[in-house]
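> The structure's right below; bear with me while I get my questions together.
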Amino acid sequence: MFDTLSDRLQGALGDLGKRGKLDDEAISKAMREIRLALLEADVNFRVVKSFTASVKERCLGEEVIGHLNPGQQVIKIVDEELTALMGGAVITEQVFNIPGVGRMLIQAVARRDYPVVQGVVMIVAGLYVLINLLVDLLYGYLDPRLRVKGG
């Protein structure tokens with residue numbers, strides 16, 4: 001599942017690296033590909049819709065930082081949004097009484113169920129590391145100067 005998601009995200013964001021400027025058409029195409037990749041990975045439709053809308057809004061409203069190319073700028077924004085999405089899940093689940101990993105974590109802390117707390121923390125940390133690894137790989141894919149030379 002993660003290989004397919006990684007390949008789809010690389011394909012969606014790889015086209016942006018070849019452009020000199022972020023425009024509405026390129027961002028819309030990339031967000032469509034990201035939406036399809038996340039839906040194929042069984043992410044909730046409402047979460048995907050909200051996520052892609054916020055990423056698109058930030059991409060259109062932000063200037064490209066001098067040392068980043070447009071594709072890297074979009075990857076940076078996607079990374080920040082995914083991180084915020086993971087962190088906000090705990091609060092959202094508590095406020096709206098939705099059963100999920102965040103709610104399970106809060107209940108385990110209240111019951112002092114340390115094995116569950118450790119397991120949830122390890123899963124969330126693993127996802128965070130995986131997202132950052134994917135971002136680093138995409139940076140190398142988009143900018144050949146960042147690739148490690150073999151030999």
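The chains in the structure tokens are called A, B, ... from first to last as shown; in each chain the residues are counted from 1, and the ligands are counted from 1 in the order shown.
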DSSP on the backbone: which residues in chain A end up as helix (DSSP H, G or I)? Give the answer as a PyMOL selection string.
chain A and resi 2-17+24-40+45-61+70-95+101-111+114-142+144-146
> For Glu33 (chain A), find every residue with an atom within 9 Å (counting only C-alpha atoms), except residues of its own chain fewer than 2 positions away, and show them as a count of residues only.
13
> I'd like the neighbourhood of Val47 (chain A) as a compact mmCIF listing (two decimals) with C-alpha atoms, in the first residue's frame, where a residue qualifies if any of its atoms comes within 12 Å (using only C-alpha atoms), though same-chain residues fewer than 5 positions away should be ignored.

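File produced: part-v6.txt:
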```txt
# COMPACT_ATOMS: atom_id res chain seq x y z
CA ARG A 35 -6.66 13.10 -4.03
CA LEU A 38 -5.11 9.10 -0.93
CA LEU A 39 -8.53 7.70 -1.86
CA ASP A 42 -8.53 4.15 1.82
CA THR A 52 -6.35 18.85 -0.74
CA ALA A 53 -8.38 22.08 -0.44
CA SER A 54 -6.11 23.43 2.29
CA GLU A 81 -0.40 19.78 6.20
CA LEU A 82 0.00 16.01 6.76
CA LEU A 85 -3.59 16.56 10.10
CA MET A 86 -2.03 13.84 12.24
CA GLY A 88 -5.23 17.50 14.93
CA ALA A 89 -6.83 14.05 14.84
CA THR A 92 -11.03 16.31 16.58
```
> From the list A:Gly119, A:Ala41, A:Val129, A:Asp24, which residue is nearest Thr4 (chain A) when using only C-alpha atoms?
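Among the listed residues, A:Ala41 lies closest to Thr4 (chain A).
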> Got a sec: who's within 8 Å of Cys59 (chain A), counting only C-alpha atoms, leaving out chain neighbours fewer than 3 positions off, as an MDAnalysis selection string?
chainID A and resid 22 27 55:56 62 73:74 77
> Between A:Gly87, A:Asn44, A:Arg111, A:Glu57, which residue has the minimum interatomic distance to Leu127 (chain A), considering only C-alpha atoms?
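Ranked by minimum distance to Leu127 (chain A), first place goes to A:Gly87.
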> May I have the residues within 12 Å of Asp136 (chain A) as a ChimeraX atom specification, using only C-alpha atoms and disregarding those fewer than 3 positions away in the same chain?
/A:6,10,72,75-76,79,129-133,139-143,146-147
> Selected residues, C-alpha atoms, written as a tab-separated table (two decimals), in the first residue's frame, please.

```
chain	number	residue	atom	x	y	z
A	6	SER	CA	4.63	6.73	-2.68
A	10	GLN	CA	5.98	11.04	-6.75
A	72	GLN	CA	9.78	21.35	-3.53
A	75	ILE	CA	6.12	19.08	-1.11
A	76	LYS	CA	6.98	21.29	1.87
A	79	ASP	CA	4.40	17.73	4.54
A	129	VAL	CA	9.01	9.29	10.15
A	130	LEU	CA	7.51	7.67	7.05
A	131	ILE	CA	5.98	10.95	5.90
A	132	ASN	CA	9.27	12.80	6.41
A	133	LEU	CA	11.18	10.03	4.60
A	139	TYR	CA	13.07	16.35	-2.71
A	140	GLY	CA	15.83	14.17	-4.16
A	141	TYR	CA	13.59	13.10	-7.03
A	142	LEU	CA	12.78	16.69	-7.94
A	143	ASP	CA	16.24	18.19	-7.51
A	146	LEU	CA	20.34	16.51	-3.75
A	147	ARG	CA	20.87	12.95	-4.99
```
> State, in Å with one decimal place, the distance from CA of Arg46 (chain A) to CA of Ala84 (chain A).
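Taking CA of Arg46 (chain A) as the start and CA of Ala84 (chain A) as the end point, the length is 15.8 Å.
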> Please provide the set of residues having any atom within 12 Å of Ile91 (chain A), restricted to only C-alpha atoms, with same-chain residues fewer than 2 positions apart removed, written as a list of chain:residue names.
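With the cut-off at 12 Å, the set is A:Ala84, A:Leu85, A:Met86, A:Gly87, A:Gly88, A:Ala89, A:Glu93, A:Gln94, A:Val95, A:Phe96, A:Asn97, A:Ile98, A:Pro99, A:Gly100, A:Val101, A:Gly102, A:Arg103, A:Met104, A:Leu105, A:Ile106.
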